[in-house]
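Asker: Got a structure for you, entry06.txt, holding compact mmCIF, C-alpha atoms.
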```
# COMPACT_ATOMS: atom_id res chain seq x y z
CA MET C 1 -52.09 -62.31 -66.26
CA TYR C 2 -51.43 -64.14 -63.05
CA GLN C 3 -47.77 -64.44 -64.01
CA SER C 4 -47.60 -60.75 -64.78
CA ARG C 5 -49.19 -59.94 -61.46
CA THR C 6 -46.75 -62.24 -59.65
CA ASN C 7 -43.77 -60.70 -61.40
CA ARG C 8 -45.03 -57.23 -60.52
CA ILE C 9 -45.31 -58.18 -56.85
CA LYS C 10 -41.81 -59.66 -56.81
CA THR C 11 -40.50 -56.58 -58.50
CA GLU C 12 -42.14 -54.37 -55.92
CA ARG C 13 -40.74 -56.52 -53.10
CA ARG C 14 -37.23 -56.35 -54.59
CA GLN C 15 -37.54 -52.59 -54.87
CA ALA C 16 -38.76 -52.41 -51.28
CA ARG C 17 -35.81 -54.52 -50.13
CA ARG C 18 -33.44 -52.28 -52.09
CA ARG C 19 -34.97 -49.19 -50.43
CA ARG C 20 -34.62 -50.79 -46.99
CA PHE C 21 -31.04 -51.82 -47.78
CA THR C 22 -30.21 -48.32 -49.00
CA MET C 23 -31.72 -46.77 -45.92
CA LEU C 24 -29.84 -49.20 -43.67
CA THR C 25 -26.61 -48.45 -45.54
CA VAL C 26 -27.12 -44.73 -45.12
CA PHE C 27 -27.90 -45.17 -41.42
CA LEU C 28 -24.83 -47.33 -40.82
CA THR C 29 -22.65 -44.91 -42.76
CA MET C 30 -23.89 -41.98 -40.66
CA LEU C 31 -23.34 -43.98 -37.47
CA ILE C 32 -19.76 -44.76 -38.49
CA ILE C 33 -19.07 -41.12 -39.39
CA THR C 34 -20.52 -39.96 -36.07
CA GLY C 35 -18.32 -42.43 -34.20
CA VAL C 36 -15.21 -41.26 -36.02
CA ILE C 37 -16.01 -37.61 -35.26
CA TYR C 38 -16.61 -38.43 -31.60
CA LEU C 39 -13.30 -40.28 -31.30
CA PHE C 40 -11.47 -37.40 -33.00
CA LEU C 41 -13.01 -34.79 -30.71
CA SER C 42 -12.29 -36.89 -27.61
CA ALA C 43 -8.65 -37.19 -28.55
CA ASP C 44 -8.47 -33.41 -29.19
CA ILE C 45 -10.00 -32.66 -25.80
CA VAL C 46 -7.45 -34.84 -24.05
CA THR C 47 -4.62 -33.20 -25.96
CA ASN C 48 -5.80 -29.69 -25.10
CA THR C 49 -6.33 -30.53 -21.43
CA THR C 50 -2.93 -32.01 -20.72
CA GLY C 51 -0.87 -29.96 -23.14
CA SER C 52 0.35 -33.17 -24.94
CA PRO C 53 -1.15 -36.33 -26.49
CA PRO C 54 -2.52 -38.98 -24.10
CA PRO C 55 0.32 -40.92 -22.48
CA THR C 56 1.05 -44.42 -23.70
CA GLY C 57 2.16 -45.59 -20.27
CA GLY C 58 2.03 -44.61 -16.61
CA LYS C 59 -0.98 -42.66 -15.35
CA SER C 60 -3.97 -42.03 -17.57
CA ALA C 61 -5.03 -38.47 -18.35
CA GLN C 62 -7.66 -38.69 -15.62
CA GLU C 63 -5.11 -39.90 -13.07
CA GLN C 64 -2.47 -37.26 -13.77
CA GLU C 65 -2.00 -34.23 -11.46
CA PRO C 66 -4.07 -31.17 -12.47
CA ARG C 67 -2.16 -28.29 -14.04
CA ARG C 68 -1.24 -25.52 -11.61
CA SER C 69 -0.87 -21.84 -12.41
CA ALA C 70 2.48 -20.18 -11.77
CA PRO C 71 2.86 -18.88 -8.19
CA VAL C 72 2.06 -15.18 -7.72
CA ASP C 73 4.39 -13.09 -5.53
CA GLU C 74 2.84 -12.00 -2.26
CA THR C 75 2.69 -8.21 -1.92
CA VAL C 76 1.46 -5.57 0.49
CA VAL C 77 0.24 -2.08 -0.34
CA LEU C 78 1.27 0.53 2.24
CA THR C 79 -0.05 4.10 2.29
CA PHE C 80 1.90 6.94 3.93
CA VAL C 81 0.76 10.48 4.68
CA GLY C 82 2.43 13.39 6.43
CA ASP C 83 1.60 15.45 9.49
CA VAL C 84 -1.86 15.07 11.03
CA MET C 85 -3.27 17.23 13.83
CA MET C 86 -6.77 18.15 14.98
CA ALA C 87 -6.09 21.19 17.15
CA GLY C 88 -6.51 24.97 16.96
CA ARG C 89 -8.32 26.23 13.87
CA VAL C 90 -8.64 22.65 12.61
CA GLU C 91 -10.55 21.67 15.74
CA THR C 92 -12.87 24.67 15.34
CA LEU C 93 -13.64 23.55 11.78
CA LEU C 94 -14.18 19.94 12.84
CA HIS C 95 -16.71 21.00 15.47
CA GLU C 96 -18.69 22.47 12.58
CA LYS C 97 -18.05 19.84 9.87
CA GLY C 98 -17.60 16.70 11.97
CA TYR C 99 -14.47 14.73 12.84
CA SER C 100 -14.74 12.64 9.66
CA TYR C 101 -14.45 15.73 7.46
CA PRO C 102 -10.62 15.50 6.98
CA TYR C 103 -10.92 12.13 5.23
CA THR C 104 -13.58 13.01 2.62
CA TYR C 105 -11.28 12.24 -0.32
CA VAL C 106 -9.00 9.60 1.17
CA SER C 107 -10.94 7.14 3.33
CA ASP C 108 -11.77 4.77 0.45
CA MET C 109 -8.08 4.49 -0.39
CA PHE C 110 -7.04 4.01 3.24
CA GLN C 111 -9.64 1.30 3.76
CA GLN C 112 -8.73 -0.65 0.62
CA ASP C 113 -4.96 -0.85 1.07
CA ASP C 114 -3.19 -3.25 3.43
CA TYR C 115 -1.84 -0.72 5.95
CA THR C 116 -1.99 3.07 6.38
CA ILE C 117 0.57 5.12 8.34
CA ALA C 118 0.49 8.78 9.42
CA ASN C 119 2.56 11.13 11.58
CA LEU C 120 0.31 12.17 14.48
CA GLU C 121 1.75 15.55 15.39
CA THR C 122 -0.34 16.26 18.48
CA PRO C 123 -1.12 14.79 21.88
CA VAL C 124 -4.67 13.50 22.23
CA THR C 125 -5.99 14.32 25.68
CA ARG C 126 -8.59 16.28 27.65
CA GLN C 127 -6.06 17.36 30.28
CA GLY C 128 -2.30 17.91 30.54
CA THR C 129 0.03 20.82 31.22
CA PRO C 130 0.99 22.90 28.16
CA ALA C 131 4.70 22.85 27.36
CA ALA C 132 6.51 26.08 28.22
CA ASP C 133 8.68 28.13 25.87
CA LYS C 134 7.19 26.70 22.66
CA ALA C 135 5.81 28.77 19.80
CA TYR C 136 3.18 26.15 18.89
CA VAL C 137 1.56 23.93 21.49
CA TYR C 138 -1.10 21.46 20.31
CA LYS C 139 -3.88 19.54 22.03
CA SER C 140 -6.45 17.44 20.17
CA SER C 141 -9.67 15.91 21.43
CA PRO C 142 -9.94 12.14 21.91
CA ASP C 143 -13.20 12.47 19.93
CA ALA C 144 -11.04 12.83 16.82
CA VAL C 145 -9.46 9.39 17.12
CA PRO C 146 -12.40 7.04 16.30
CA PRO C 147 -12.95 8.77 12.91
CA LEU C 148 -9.19 8.51 12.28
CA LYS C 149 -9.47 4.74 12.72
CA GLU C 150 -12.72 4.53 10.73
CA ALA C 151 -11.02 6.35 7.86
CA GLY C 152 -8.50 3.50 7.70
CA VAL C 153 -5.40 4.73 9.54
CA ASP C 154 -3.68 1.74 11.16
CA LEU C 155 -0.49 3.14 12.72
CA VAL C 156 0.84 6.56 13.74
CA ASN C 157 4.29 7.87 14.50
CA LEU C 158 4.70 9.76 17.81
CA ALA C 159 8.42 10.49 17.49
CA ASN C 160 8.06 14.22 16.84
CA ASN C 161 8.28 17.64 18.47
CA HIS C 162 4.63 17.87 19.56
CA SER C 163 3.84 14.55 21.27
CA LEU C 164 4.64 16.00 24.72
CA ASP C 165 2.99 19.38 24.18
CA GLN C 166 0.74 18.49 27.12
CA GLY C 167 3.43 16.87 29.25
CA GLU C 168 3.87 13.23 30.21
CA SER C 169 0.25 12.88 31.30
CA GLY C 170 -0.90 14.04 27.87
CA LEU C 171 1.41 11.51 26.24
CA LEU C 172 0.11 8.68 28.42
CA ASP C 173 -3.46 9.68 27.55
CA THR C 174 -2.51 9.53 23.88
CA PHE C 175 -1.24 5.96 24.28
CA GLN C 176 -4.49 4.94 25.95
CA VAL C 177 -6.79 6.55 23.37
CA LEU C 178 -4.87 4.97 20.51
CA ARG C 179 -5.00 1.53 22.14
CA GLU C 180 -8.73 1.85 22.80
CA ASN C 181 -9.32 2.55 19.13
CA GLY C 182 -7.03 -0.13 17.75
CA ILE C 183 -4.39 2.18 16.31
CA GLU C 184 -0.76 1.10 16.70
CA TYR C 185 1.95 3.64 17.49
CA VAL C 186 5.73 3.87 17.20
CA GLY C 187 8.38 6.35 18.28
CA ALA C 188 7.24 6.88 21.87
CA GLY C 189 6.45 4.77 24.91
CA VAL C 190 6.10 4.44 28.64
CA ASP C 191 9.85 3.84 28.70
CA GLU C 192 12.88 3.71 26.44
CA ARG C 193 12.40 0.05 25.59
CA ARG C 194 8.89 0.63 24.24
CA ALA C 195 9.77 3.89 22.50
CA TYR C 196 12.50 2.30 20.37
CA ALA C 197 10.75 -1.03 19.90
CA PRO C 198 9.44 -2.04 16.48
CA VAL C 199 5.76 -2.78 15.99
CA TYR C 200 5.41 -6.01 14.03
CA VAL C 201 2.52 -6.48 11.63
CA GLU C 202 1.69 -9.36 9.28
CA ARG C 203 -0.25 -8.86 6.06
CA ASN C 204 -0.59 -11.29 3.14
CA GLY C 205 2.11 -13.55 4.54
CA ILE C 206 4.61 -10.67 4.81
CA ASN C 207 6.02 -9.73 8.22
CA MET C 208 6.63 -6.00 8.59
CA ALA C 209 8.40 -3.98 11.27
CA PHE C 210 7.64 -0.28 11.86
CA LEU C 211 9.81 2.07 13.90
CA GLY C 212 9.80 5.82 14.60
CA PHE C 213 12.65 8.19 15.51
CA SER C 214 12.97 11.95 15.93
CA ARG C 215 15.89 14.31 15.57
CA VAL C 216 13.65 17.25 16.44
CA VAL C 217 13.01 17.13 20.19
CA PRO C 218 12.42 20.43 22.04
CA HIS C 219 14.12 19.40 25.29
CA VAL C 220 16.15 16.51 26.61
CA SER C 221 13.42 15.93 29.21
CA TRP C 222 11.25 14.63 26.34
CA TYR C 223 13.60 11.68 25.76
CA ALA C 224 12.25 8.31 26.82
CA GLY C 225 14.25 6.78 29.68
CA LYS C 226 14.55 3.45 31.43
CA GLU C 227 11.54 4.19 33.63
CA LYS C 228 10.35 7.39 32.00
CA PRO C 229 7.78 8.07 29.24
CA GLY C 230 9.00 9.93 26.20
CA VAL C 231 9.98 9.82 22.54
CA ALA C 232 12.67 7.88 20.68
CA ALA C 233 15.33 10.50 19.98
CA SER C 234 17.89 9.98 17.22
CA TYR C 235 20.48 12.74 17.39
CA ASP C 236 22.96 9.96 17.97
CA PRO C 237 21.77 7.13 15.71
CA LYS C 238 23.20 4.25 17.78
CA LYS C 239 19.96 3.27 19.54
CA ALA C 240 17.94 3.62 16.35
CA VAL C 241 20.44 1.54 14.38
CA ALA C 242 20.39 -1.20 17.04
CA ALA C 243 16.59 -1.28 16.96
CA ILE C 244 16.56 -1.49 13.14
CA ARG C 245 19.05 -4.35 13.13
CA LEU C 246 16.91 -6.29 15.58
CA ALA C 247 13.80 -5.64 13.49
CA GLU C 248 15.59 -6.72 10.32
CA GLU C 249 16.30 -10.11 11.86
CA ASN C 250 12.61 -10.71 12.54
CA ALA C 251 10.79 -9.11 9.60
CA ASP C 252 10.66 -9.30 5.83
CA LEU C 253 10.17 -5.54 5.47
CA VAL C 254 11.48 -2.78 7.77
CA VAL C 255 9.92 0.71 7.68
CA VAL C 256 11.29 3.73 9.55
CA ILE C 257 9.26 6.91 10.13
CA ALA C 258 11.69 9.78 10.71
CA HIS C 259 11.15 13.30 12.06
CA TRP C 260 13.98 15.61 11.03
CA GLY C 261 15.23 18.48 8.90
CA GLU C 262 14.54 22.22 8.73
CA GLU C 263 11.12 23.73 8.26
CA LYS C 264 9.96 25.07 4.88
CA VAL C 265 13.09 24.23 2.88
CA ASP C 266 12.95 22.12 -0.29
CA TYR C 267 16.05 20.02 0.21
CA PRO C 268 17.15 17.69 3.02
CA VAL C 269 19.94 18.99 5.21
CA ASP C 270 23.04 16.95 5.96
CA HIS C 271 21.75 15.21 9.07
CA GLN C 272 18.71 13.88 7.18
CA LYS C 273 20.90 12.25 4.55
CA THR C 274 23.33 10.90 7.15
CA LEU C 275 20.58 9.36 9.26
CA ALA C 276 18.64 7.98 6.29
CA HIS C 277 21.73 6.24 4.93
CA ALA C 278 22.57 4.84 8.37
CA TYR C 279 19.04 3.50 8.77
CA ILE C 280 19.16 1.72 5.41
CA GLU C 281 22.64 0.34 6.06
CA ALA C 282 21.25 -1.11 9.32
CA GLY C 283 18.43 -2.89 7.45
CA ALA C 284 15.62 -0.42 6.75
CA ASP C 285 13.87 -0.82 3.39
CA LEU C 286 11.75 2.34 3.49
CA VAL C 287 12.56 5.59 5.32
CA ILE C 288 9.65 8.06 5.33
CA GLY C 289 10.30 11.54 6.71
CA GLY C 290 8.41 14.51 8.05
CA HIS C 291 8.69 17.81 9.99
CA PRO C 292 9.67 20.39 7.32
CA HIS C 293 5.94 21.09 6.54
CA VAL C 294 6.78 21.05 2.84
CA LEU C 295 7.47 18.31 0.33
CA GLN C 296 11.05 17.19 -0.17
CA GLY C 297 12.40 14.77 -2.73
CA PHE C 298 13.07 11.05 -3.03
CA GLU C 299 16.32 9.14 -3.08
CA ARG C 300 17.19 5.55 -3.89
CA TYR C 301 20.02 4.44 -1.62
CA GLN C 302 21.43 0.90 -1.87
CA ASN C 303 18.34 -1.31 -1.80
CA GLY C 304 16.15 1.16 0.07
CA TRP C 305 13.93 4.15 -0.70
CA ILE C 306 13.95 7.49 1.13
CA ALA C 307 11.13 10.05 1.10
CA TYR C 308 12.65 13.00 2.92
CA SER C 309 9.39 14.81 3.76
CA LEU C 310 5.72 14.20 2.98
CA GLY C 311 4.72 17.66 4.22
CA ASN C 312 1.46 18.48 5.98
CA PHE C 313 -1.66 16.37 5.45
CA ILE C 314 -4.38 17.30 7.96
CA PHE C 315 -3.14 20.59 9.31
CA THR C 316 -3.65 24.31 9.70
CA ARG C 317 -3.20 26.40 6.56
CA SER C 318 -0.07 28.54 6.44
CA THR C 319 0.29 31.66 4.31
CA GLN C 320 3.14 30.02 2.37
CA PRO C 321 1.84 28.18 -0.74
CA LYS C 322 4.58 25.52 -0.56
CA THR C 323 3.04 24.25 2.67
CA TRP C 324 -0.22 23.58 0.85
CA GLU C 325 1.44 20.95 -1.33
CA THR C 326 1.28 17.37 -0.09
CA MET C 327 1.00 13.81 -1.32
CA ILE C 328 -0.14 10.32 -0.57
CA LEU C 329 2.76 7.92 -1.01
CA GLN C 330 1.94 4.31 -1.75
CA ALA C 331 4.46 1.48 -1.66
CA GLU C 332 3.74 -1.97 -3.06
CA CYS C 333 6.30 -4.33 -1.56
CA THR C 334 7.12 -8.01 -1.93
CA LYS C 335 8.25 -10.44 0.71
CA GLU C 336 11.79 -9.86 -0.55
CA ALA C 337 11.40 -6.13 0.29
CA ALA C 338 11.34 -4.99 -3.33
CA CYS C 339 9.12 -1.89 -3.27
CA GLU C 340 7.48 0.09 -6.07
CA LEU C 341 6.55 3.64 -5.03
CA THR C 342 3.75 5.82 -6.36
CA MET C 343 3.24 9.52 -5.60
CA LEU C 344 -0.35 10.80 -5.60
CA PRO C 345 -0.42 14.64 -5.57
CA TYR C 346 -2.71 16.46 -3.10
CA TYR C 347 -3.02 19.88 -1.52
CA THR C 348 -4.09 20.80 2.00
CA GLU C 349 -7.12 22.90 2.68
CA LEU C 350 -7.69 23.83 6.30
CA GLY C 351 -8.14 20.44 7.97
CA ARG C 352 -8.58 18.43 4.78
CA ALA C 353 -6.47 16.93 1.98
CA VAL C 354 -7.83 17.29 -1.57
CA PRO C 355 -6.50 15.55 -4.71
CA LEU C 356 -4.72 17.57 -7.39
CA LEU C 357 -5.88 16.59 -10.86
CA GLU C 358 -4.45 16.75 -14.39
CA GLN C 359 -2.18 19.76 -14.98
CA ASP C 360 -1.93 20.73 -11.32
CA GLY C 361 -1.01 17.19 -10.38
CA ALA C 362 1.54 16.94 -13.18
CA LYS C 363 3.09 20.23 -12.10
CA LEU C 364 3.54 19.00 -8.53
CA ARG C 365 5.01 15.68 -9.67
CA GLY C 366 7.46 17.61 -11.83
CA ARG C 367 8.48 19.86 -8.94
CA VAL C 368 9.11 16.91 -6.62
CA GLU C 369 11.10 15.17 -9.34
CA SER C 370 13.24 18.30 -9.72
CA ILE C 371 14.25 18.24 -6.03
CA SER C 372 14.87 14.48 -5.89
CA VAL C 373 18.14 12.61 -6.32
CA ASN C 374 18.38 10.75 -9.65
CA VAL C 375 14.66 10.00 -9.69
CA ARG C 376 12.02 10.13 -12.39
CA ILE C 377 8.27 10.37 -11.64
CA ASP C 378 6.10 9.34 -14.58
CA GLU C 379 2.61 10.54 -15.52
CA ASN C 380 1.05 7.87 -13.28
CA GLY C 381 3.15 8.90 -10.28
CA ARG C 382 5.46 5.88 -10.46
CA ILE C 383 8.80 6.74 -8.86
CA GLN C 384 11.78 5.21 -10.63
CA THR C 385 15.52 5.59 -10.51
CA ALA C 386 17.06 7.66 -13.28
CA PRO C 387 20.65 7.90 -14.54
CA ALA C 388 22.84 10.28 -12.60
CA LYS C 389 23.11 13.71 -14.18
CA GLN C 390 26.43 14.46 -15.81
CA THR C 391 28.34 17.37 -14.34
CA GLU C 392 30.85 19.40 -16.31
```
In structure tokens, how does this file's structure come out?
Answerer:
Amino acid sequence: MYQSRTNRIKTERRQARRRRFTMLTVFLTMLIITGVIYLFLSADIVTNTTGSPPPTGGKSAQEQEPRRSAPVDETVVLTFVGDVMMAGRVETLLHEKGYSYPYTYVSDMFQQDDYTIANLETPVTRQGTPAADKAYVYKSSPDAVPPLKEAGVDLVNLANNHSLDQGESGLLDTFQVLRENGIEYVGAGVDERRAYAPVYVERNGINMAFLGFSRVVPHVSWYAGKEKPGVAASYDPKKAVAAIRLAEENADLVVVIAHWGEEKVDYPVDHQKTLAHAYIEAGADLVIGGHPHVLQGFERYQNGWIAYSLGNFIFTRSTQPKTWETMILQAECTKEAACELTMLPYYTELGRAVPLLEQDGAKLRGRVESISVNVRIDENGRIQTAPAKQTE
């Protein structure tokens, strides 16, 4: 019996050892498998991080330079609008609604872009002597300028046929009010040098030059002189061309604001086309026009873009429906002066611009396309060159 008991104990011990051995074998096997998986995953991580298997020589994966994303082109977004004035019936409305009323639908856009430009077609002064022998003489309150700045307008053109409606003193007051509110101006100055000089602006690493010229000046006495305030006239383009060439040497992007043409006609007249082409040949990349009080078309000339007239923006309301049509023109430009243009259709109420939506917007885009030169405007407002139409 003792022997049987001894054998049973030995048997139980052997079985216990076998169980321990089996458990140890299973544990070691699992440990080996885990190690293999870990090594495999580590190698995969290295491969995915560097884009290739770990190097066999030179720097280790940890020592190599981090991967860099491809460089993104620097761009600026510029916003252009047409004629702005806060006088007459507009001023009466603004006394009731507030001086921020004109920008109800546009201030967010103006504040979010890189630079916003308008044609200020009025002197801003509390005094001055009204110009004689003019059908329309404007005078806007300086109280209107802080809301203009708050809405996001950065620069205004003063080369137009209303800047001296209140004489030289009114023009000088306008300069001062704009300076006090941090709004740049082009196209006029205390003398000829300042009137024709470009205003340089840097945004997103891109240097821009803005200039303003007018071919609609009521009297030669409005011309800026060597020691005389006035506007930059451009009946003879020589001074304008010289100023553009200088700007082109010092800026990546050159923008000209032009005042020209005949009122309330759809197409540019000969002098608009002649001047626009001369400006671009001198180095302008964008030429943005005004004065006709209606929209005119676009033209691609050499490497530049021309918008012949942006129409009214903040203005009185004429009885002619064409004068109610307007737009916001946006240009996204690179440092190499490659610009993509977008037309946003609007219409002018008394003293306020309101967006045109859906069918009305499409109709206006189609009309502007029809009066442009070899241009297509898509459903998003993108302005692109189109093949020249064949003539029989």
Asker: Given all atoms listed in the file as the basis, pick out the residue of C:Leu329, C:Arg352, C:Ala209, C:Pro123 nearest to Asp285 in chain C.
Answerer: C:Ala209
Asker: Between C:Glu340, C:Glu299, C:Glu263, C:Asp236, single out the one closest to Gln320 in chain C, counting all atoms listed in the file.
Answerer: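 Of the candidates, the smallest distance to Gln320 in chain C is held by C:Glu263.
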Asker: As an exercise, work out the distance from CA of Ile383 in chain C to CA of Leu356 in chain C in Å and give it to one decimal place.
Answerer: 17.4 Å
Asker: Counting only C-alpha atoms, which residue out of C:Gly189, C:Gly82, C:Pro147, C:Pro237 sits closest to Ala159 in chain C?
Answerer: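 Between C:Gly189, C:Gly82, C:Pro147, C:Pro237, the residue approaching Ala159 in chain C most closely is C:Gly189.
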Asker: Of the residues C:Met208, C:Asp191, C:Gly351, C:Ser214, which is the one nearest to Pro102 in chain C, using only C-alpha atoms?
Answerer: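 Looking only at the distances to Pro102 in chain C, the closest residue turns out to be C:Gly351.
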